[in-house]
file entry_22.cif (mmCIF, C-alpha atoms)
data_upload
#
loop_
_atom_site.group_PDB
_atom_site.id
_atom_site.type_symbol
_atom_site.label_atom_id
_atom_site.label_comp_id
_atom_site.auth_asym_id
_atom_site.auth_seq_id
_atom_site.Cartn_x
_atom_site.Cartn_y
_atom_site.Cartn_z
ATOM 1 C CA MET A 27 70.531 -88.624 -2.623
ATOM 2 C CA GLU A 28 67.057 -89.667 -3.730
ATOM 3 C CA LYS A 29 66.322 -86.057 -4.703
ATOM 4 C CA ASP A 30 69.482 -85.961 -6.866
ATOM 5 C CA MET A 31 68.369 -89.119 -8.710
ATOM 6 C CA GLN A 32 64.905 -87.654 -9.333
ATOM 7 C CA GLU A 33 66.402 -84.473 -10.778
ATOM 8 C CA LYS A 34 68.647 -86.481 -13.129
ATOM 9 C CA ASN A 35 65.690 -88.546 -14.352
ATOM 10 C CA GLU A 36 63.504 -85.505 -15.074
ATOM 11 C CA VAL A 37 63.157 -84.640 -18.730
ATOM 12 C CA ARG A 38 63.216 -80.939 -19.311
ATOM 13 C CA THR A 39 61.036 -79.909 -22.197
ATOM 14 C CA MET A 40 61.037 -76.657 -24.066
ATOM 15 C CA PRO A 41 57.876 -74.610 -23.579
ATOM 16 C CA GLU A 42 55.405 -74.836 -26.447
ATOM 17 C CA PRO A 43 55.760 -71.940 -28.887
ATOM 18 C CA VAL A 44 53.100 -69.263 -29.164
ATOM 19 C CA THR A 45 51.911 -69.048 -32.778
ATOM 20 C CA ILE A 46 50.994 -65.577 -33.999
ATOM 21 C CA VAL A 47 49.372 -64.684 -37.332
ATOM 22 C CA PRO A 48 51.466 -61.725 -38.505
ATOM 23 C CA LEU A 49 50.081 -58.541 -39.990
ATOM 24 C CA VAL A 50 50.633 -58.327 -43.747
ATOM 25 C CA ASP A 51 50.312 -55.620 -46.400
ATOM 26 C CA ILE A 52 49.366 -56.867 -49.858
ATOM 27 C CA VAL A 53 50.080 -54.648 -52.859
ATOM 28 C CA GLU A 54 49.269 -55.775 -56.394
ATOM 29 C CA GLY A 55 51.084 -54.264 -59.343
ATOM 30 C CA ASN A 56 51.225 -54.943 -63.064
ATOM 31 C CA ASP A 57 54.002 -57.512 -62.714
ATOM 32 C CA GLY A 58 52.924 -59.257 -59.510
ATOM 33 C CA VAL A 59 52.121 -58.979 -55.841
ATOM 34 C CA THR A 60 54.252 -57.774 -52.924
ATOM 35 C CA LEU A 61 53.554 -59.149 -49.453
ATOM 36 C CA THR A 62 55.098 -57.337 -46.482
ATOM 37 C CA PHE A 63 54.925 -59.143 -43.122
ATOM 38 C CA GLU A 64 55.720 -57.813 -39.658
ATOM 39 C CA VAL A 65 57.909 -60.513 -38.032
ATOM 40 C CA PRO A 66 59.845 -58.797 -35.214
ATOM 41 C CA GLY A 67 62.766 -60.825 -33.906
ATOM 42 C CA ALA A 68 62.976 -63.005 -37.029
ATOM 43 C CA ASN A 69 65.792 -63.030 -39.585
ATOM 44 C CA SER A 70 66.627 -64.784 -42.854
ATOM 45 C CA GLU A 71 67.895 -67.907 -41.041
ATOM 46 C CA SER A 72 64.686 -68.303 -39.022
ATOM 47 C CA VAL A 73 62.185 -67.823 -41.867
ATOM 48 C CA ASP A 74 60.828 -70.774 -43.848
ATOM 49 C CA ILE A 75 58.652 -70.354 -46.935
ATOM 50 C CA GLU A 76 57.280 -73.237 -48.962
ATOM 51 C CA VAL A 77 54.657 -73.756 -51.628
ATOM 52 C CA LEU A 78 52.724 -77.000 -52.035
ATOM 53 C CA ASN A 79 49.634 -77.388 -54.214
ATOM 54 C CA ASN A 80 49.405 -73.596 -54.613
ATOM 55 C CA ILE A 81 49.336 -73.072 -50.825
ATOM 56 C CA MET A 82 52.211 -70.888 -49.637
ATOM 57 C CA THR A 83 53.157 -71.302 -45.978
ATOM 58 C CA MET A 84 55.364 -68.764 -44.237
ATOM 59 C CA SER A 85 56.737 -69.455 -40.771
ATOM 60 C CA ALA A 86 59.276 -67.396 -38.863
ATOM 61 C CA LYS A 87 60.829 -68.199 -35.505
ATOM 62 C CA SER A 88 61.306 -65.039 -33.491
ATOM 63 C CA SER A 89 63.897 -64.276 -30.851
ATOM 64 C CA LEU A 90 61.045 -62.739 -28.837
ATOM 65 C CA GLN A 91 59.128 -64.548 -26.119
ATOM 66 C CA ARG A 92 55.608 -64.207 -24.775
ATOM 67 C CA ASN A 93 55.090 -65.278 -21.155
ATOM 68 C CA GLY A 94 58.272 -67.349 -21.303
ATOM 69 C CA HIS A 95 57.256 -69.148 -24.502
ATOM 70 C CA PRO A 96 59.049 -68.751 -27.842
ATOM 71 C CA VAL A 97 57.144 -66.878 -30.551
ATOM 72 C CA VAL A 98 56.526 -68.281 -34.045
ATOM 73 C CA PHE A 99 54.810 -66.269 -36.774
ATOM 74 C CA LYS A 100 52.832 -68.346 -39.278
ATOM 75 C CA ARG A 101 50.557 -67.509 -42.190
ATOM 76 C CA ASN A 102 49.146 -69.399 -45.199
ATOM 77 C CA PHE A 103 48.006 -68.059 -48.565
ATOM 78 C CA ARG A 104 46.369 -69.733 -51.534
ATOM 79 C CA LEU A 105 48.250 -68.664 -54.655
ATOM 80 C CA SER A 106 46.637 -68.118 -58.024
ATOM 81 C CA GLU A 107 47.479 -70.351 -60.956
ATOM 82 C CA GLU A 108 48.770 -67.132 -62.554
ATOM 83 C CA VAL A 109 51.754 -66.927 -60.169
ATOM 84 C CA ASP A 110 55.260 -67.919 -61.252
ATOM 85 C CA VAL A 111 56.208 -69.879 -58.107
ATOM 86 C CA GLN A 112 59.785 -70.475 -59.314
ATOM 87 C CA LYS A 113 60.484 -66.729 -59.312
ATOM 88 C CA ILE A 114 59.185 -65.800 -55.834
ATOM 89 C CA THR A 115 61.836 -63.895 -53.871
ATOM 90 C CA ALA A 116 62.019 -63.084 -50.164
ATOM 91 C CA LYS A 117 64.134 -60.850 -47.955
ATOM 92 C CA THR A 118 64.138 -59.756 -44.326
ATOM 93 C CA LYS A 119 65.276 -56.499 -42.790
ATOM 94 C CA ASP A 120 64.607 -55.019 -39.357
ATOM 95 C CA GLY A 121 61.794 -57.463 -38.509
ATOM 96 C CA VAL A 122 60.035 -57.057 -41.853
ATOM 97 C CA LEU A 123 59.743 -59.894 -44.383
ATOM 98 C CA THR A 124 59.065 -58.891 -47.993
ATOM 99 C CA LEU A 125 57.957 -61.397 -50.626
ATOM 100 C CA GLU A 126 57.821 -60.534 -54.303
ATOM 101 C CA ILE A 127 55.410 -62.847 -56.121
ATOM 102 C CA PRO A 128 55.600 -62.314 -59.882
ATOM 103 C CA LYS A 129 52.783 -63.060 -62.271
ATOM 104 C CA ALA A 130 53.453 -65.706 -64.899
ATOM 105 C CA GLU A 131 53.943 -64.353 -68.407
ATOM 106 C CA ARG A 132 50.613 -65.849 -69.500
ATOM 107 C CA ALA A 133 48.834 -63.786 -66.795
ATOM 108 C CA LYS A 134 50.271 -60.432 -67.849
ATOM 109 C CA VAL A 135 48.459 -58.099 -70.197
ATOM 110 C CA HIS A 136 50.082 -58.111 -73.605
ATOM 111 C CA ARG A 137 49.319 -55.109 -75.767
ATOM 112 C CA ILE A 138 49.156 -55.568 -79.497
ATOM 113 C CA LYS A 139 50.283 -52.633 -81.554
ATOM 114 C CA VAL A 140 47.911 -51.845 -84.387
ATOM 115 C CA GLN A 141 49.516 -50.557 -87.584
#
call {"tool": "encode", "arguments": {"input": "entry_22.cif", "output": "structure tokens"}}
result
Amino acid sequence: MEKDMQEKNEVRTMPEPVTIVPLVDIVEGNDGVTLTFEVPGANSESVDIEVLNNIMTMSAKSSLQRNGHPVVFKRNFRLSEEVDVQKITAKTKDGVLTLEIPKAERAKVHRIKVQ
């Protein structure tokens, strides 16, 4: 009976997650930058992206485990002042997260036609 009471009083805690810095490909084009992250086991519901003071933080909870601990992918980037934060888009597919980060209009090259 004493053993039963001890088991009821025990608080079961979730194991601490293992944080992994995901691999990322960065490709810059004329209109902006594309970031492609490897986040196996993550999907659109488990990914969180936020920008505060030009620091973008990406975190993704994975369905994978490492040594019995849940896996979380996390990466931070400092964004340029030339980025249009309001127009950043993100999508996930097959464990790959793709972010499209457009340049602000003021950062794009504007060609002037000479007559």
call {"tool": "closest_residue", "arguments": {"input": "entry_22.cif", "among": "A:Thr62, A:Ser88, A:Asn56, A:Asn69", "to": "Pro43 of chain A", "atoms": "all atoms listed in the file"}}
result
A:Ser88
call {"tool": "resolve_selection", "arguments": {"input": "entry_22.cif", "expression": "the PyMOL selection byres ((chain A and resi 85-87) around 10)", "output": "VMD selection string"}}
result
chain A and resid 43 45 to 48 65 to 76 83 to 84 88 to 90 96 to 102 123
call {"tool": "closest_residue", "arguments": {"input": "entry_22.cif", "among": "A:Gly121, A:Ile114, A:Ala130, A:Phe103", "to": "Ile52 of chain A", "atoms": "only C-alpha atoms"}}
result
A:Phe103
call {"tool": "closest_residue", "arguments": {"input": "entry_22.cif", "among": "A:Val44, A:Val140, A:Leu61, A:Leu78", "to": "Thr115 of chain A", "atoms": "all atoms listed in the file"}}
result
A:Leu61
call {"tool": "atom_distance", "arguments": {"input": "entry_22.cif", "atom1": "atom CA of Ile81 of chain A", "atom2": "atom CA of Gln112 of chain A"}}
result
13.7 Å
call {"tool": "atom_distance", "arguments": {"input": "entry_22.cif", "atom1": "atom CA of Leu105 of chain A", "atom2": "atom CA of Met82 of chain A"}}
result
6.8 Å
call {"tool": "atom_distance", "arguments": {"input": "entry_22.cif", "atom1": "atom CA of Val122 of chain A", "atom2": "atom CA of Asn80 of chain A"}}
result
23.4 Å
call {"tool": "residues_around", "arguments": {"input": "entry_22.cif", "residues": "Thr60 of chain A", "least_positions_apart": "6", "cutoff": "10 Å", "atoms": "only C-alpha atoms", "output": "list in words"}}
result
Val50, Asp51, Ile52, Val53, Glu54, Ile114, Thr115, Ala116, Thr124, Leu125, Glu126, Ile127 and Pro128 of chain A
call {"tool": "closest_residue", "arguments": {"input": "entry_22.cif", "among": "A:Ile138, A:Lys119, A:Val111, A:Asn79", "to": "Val59 of chain A", "atoms": "all atoms listed in the file"}}
result
A:Val111
call {"tool": "axis_aligned_box", "arguments": {"input": "entry_22.cif", "around": "segment 64-68 of chain A", "padding_each_side": "3 Å", "output": "AutoDock Vina command-line options"}}
result
--center_x 59.3 --center_y -60.4 --center_z -36.8 --size_x 13.3 --size_y 11.2 --size_z 11.8
